[in-house]
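Working notes, beginning with the structure itself.
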Amino acid sequence: MNTAIALTSTASSSTGGYGVMILWLVVMVAAVYFLMIRPQRKEQKRVSSMLSDMAVGDSVVTTSGFYGVILDITDEDVIVEFGNNKNCRIPMRKSAIAQVEKAGSAVSEPAPSANSKSSDKADDAKNSADADKKADADKKADKDKK
């Protein structure tokens, strides 16, 4: 009789063990999804939207770290001009582009106003006068040493 009770108690505990094991498996799959798969999909969407929004004249950074400007775009390729040399035009895959900066979004310094130009000239005159005084003082010190 004790044997029958022992057999039924071990059978019921083993089915409870399977339930816990399945629960852990579901938790692990959910963790992998939220920690690995979902962020990767978000990044893929961001990169694909960035590559589809590229236009001629945009500044780009390649995956190898080169900076350039887009000259022409096809379905899978772009032609990028690197540096100031107009002969350095390289066709490359869109997937080789790591970052795109729109042509109009570059932050430029505001043009100096007429007042700031006159104040710049005054500052330059003052700096040159200070430099002349320092040079005269250096010459006088050299004479005193001799």
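Note on naming: chains are A, B, ... as they come in the structure tokens, residues start from 1 per chain, ligands start from 1 in the order shown.
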Item to check | All strand (DSSP E) residues (DSSP, backbone) inside range 13-86 of chain A, as number ranges by chain | outcome: A: 59-62, 67-73, 77-82
Next on the checklist: Quick one: residues within 7 Å of Ala96 in chain A, only C-alpha atoms, excluding same-chain residues fewer than 4 positions away - as a PyMOL selection string?
Outcome noted: chain A and resi 62-63+92
Checklist entry - Which of range 45-116 of chain A counts as helix (DSSP H, G or I) under DSSP, as an MDAnalysis selection string please? => result chainID A and resid 45:52 94:96 103:105 114:116
Filtering to N, CA and C atoms, could you give me those residues as an mmCIF file, in the first residue's frame?
data_model
loop_
_atom_site.group_PDB
_atom_site.id
_atom_site.type_symbol
_atom_site.label_atom_id
_atom_site.label_comp_id
_atom_site.auth_asym_id
_atom_site.auth_seq_id
_atom_site.Cartn_x
_atom_site.Cartn_y
_atom_site.Cartn_z
ATOM 1 N N LYS A 45 15.203 48.746 -39.179
ATOM 2 C CA LYS A 45 14.220 49.694 -39.701
ATOM 3 C C LYS A 45 14.817 51.091 -39.805
ATOM 4 N N ARG A 46 15.581 51.495 -38.798
ATOM 5 C CA ARG A 46 16.202 52.817 -38.812
ATOM 6 C C ARG A 46 17.192 52.943 -39.962
ATOM 7 N N VAL A 47 18.013 51.922 -40.162
ATOM 8 C CA VAL A 47 19.011 51.959 -41.232
ATOM 9 C C VAL A 47 18.333 51.940 -42.594
ATOM 10 N N SER A 48 17.316 51.109 -42.765
ATOM 11 C CA SER A 48 16.643 51.051 -44.065
ATOM 12 C C SER A 48 15.924 52.363 -44.375
ATOM 13 N N SER A 49 15.330 53.010 -43.375
ATOM 14 C CA SER A 49 14.679 54.301 -43.630
ATOM 15 C C SER A 49 15.726 55.370 -43.929
ATOM 16 N N MET A 50 16.886 55.316 -43.265
ATOM 17 C CA MET A 50 17.954 56.272 -43.524
ATOM 18 C C MET A 50 18.463 56.120 -44.956
ATOM 19 N N LEU A 51 18.653 54.877 -45.398
ATOM 20 C CA LEU A 51 19.163 54.632 -46.741
ATOM 21 C C LEU A 51 18.136 54.977 -47.815
ATOM 22 N N SER A 52 16.856 54.797 -47.509
ATOM 23 C CA SER A 52 15.836 55.122 -48.505
ATOM 24 C C SER A 52 15.605 56.630 -48.602
ATOM 25 N N LYS A 94 24.893 50.733 -51.043
ATOM 26 C CA LYS A 94 24.205 51.529 -50.025
ATOM 27 C C LYS A 94 24.466 50.967 -48.635
ATOM 28 N N SER A 95 24.665 49.663 -48.543
ATOM 29 C CA SER A 95 24.895 49.040 -47.240
ATOM 30 C C SER A 95 26.232 49.462 -46.623
ATOM 31 N N ALA A 96 27.121 50.075 -47.415
ATOM 32 C CA ALA A 96 28.411 50.535 -46.894
ATOM 33 C C ALA A 96 28.313 51.913 -46.271
ATOM 34 N N ALA A 103 21.735 67.597 -46.594
ATOM 35 C CA ALA A 103 22.493 68.755 -47.083
ATOM 36 C C ALA A 103 22.064 70.036 -46.385
ATOM 37 N N GLY A 104 20.801 70.236 -46.118
ATOM 38 C CA GLY A 104 20.319 71.472 -45.502
ATOM 39 C C GLY A 104 20.422 71.481 -44.001
ATOM 40 N N SER A 105 20.708 70.338 -43.365
ATOM 41 C CA SER A 105 20.708 70.277 -41.912
ATOM 42 C C SER A 105 22.051 70.622 -41.296
ATOM 43 N N ALA A 114 27.798 93.976 -40.057
ATOM 44 C CA ALA A 114 28.707 95.091 -40.300
ATOM 45 C C ALA A 114 29.319 95.571 -38.996
ATOM 46 N N ASN A 115 28.546 95.564 -37.914
ATOM 47 C CA ASN A 115 29.066 96.014 -36.621
ATOM 48 C C ASN A 115 30.156 95.097 -36.107
ATOM 49 N N SER A 116 29.975 93.800 -36.300
ATOM 50 C CA SER A 116 30.986 92.872 -35.811
ATOM 51 C C SER A 116 32.254 92.976 -36.641
#
Checklist entry - What is the CA of Asn84 in chain A-CA of Val60 in chain A distance in Å, reported with one decimal? => result 14.5 Å
Within 8 Å of Arg89 in chain A using only C-alpha atoms, minus same-chain residues under 5 positions, as a tab-separated table (two decimals) with C-alpha atoms, in the first residue's frame:
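Output (part-v1.tsv):
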chain	number	residue	atom	x	y	z
A	79	ILE	CA	28.46	57.26	-56.18
A	80	VAL	CA	30.27	59.20	-53.47
A	81	GLU	CA	32.81	61.99	-53.92
A	82	PHE	CA	35.50	62.04	-51.23
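Comparing the minimum interatomic distances between Ile90 in chain A and each of A:Asp53, A:Asp72, A:Glu43, A:Asp58, counting only C-alpha atoms, we find that A:Asp72 sits nearest.
For the residues A:Arg38, A:Ala98, A:Ala31, A:Gln44, ranking by smallest atom-to-atom distance to Ser64 in chain A using only C-alpha atoms places A:Ala98 first.
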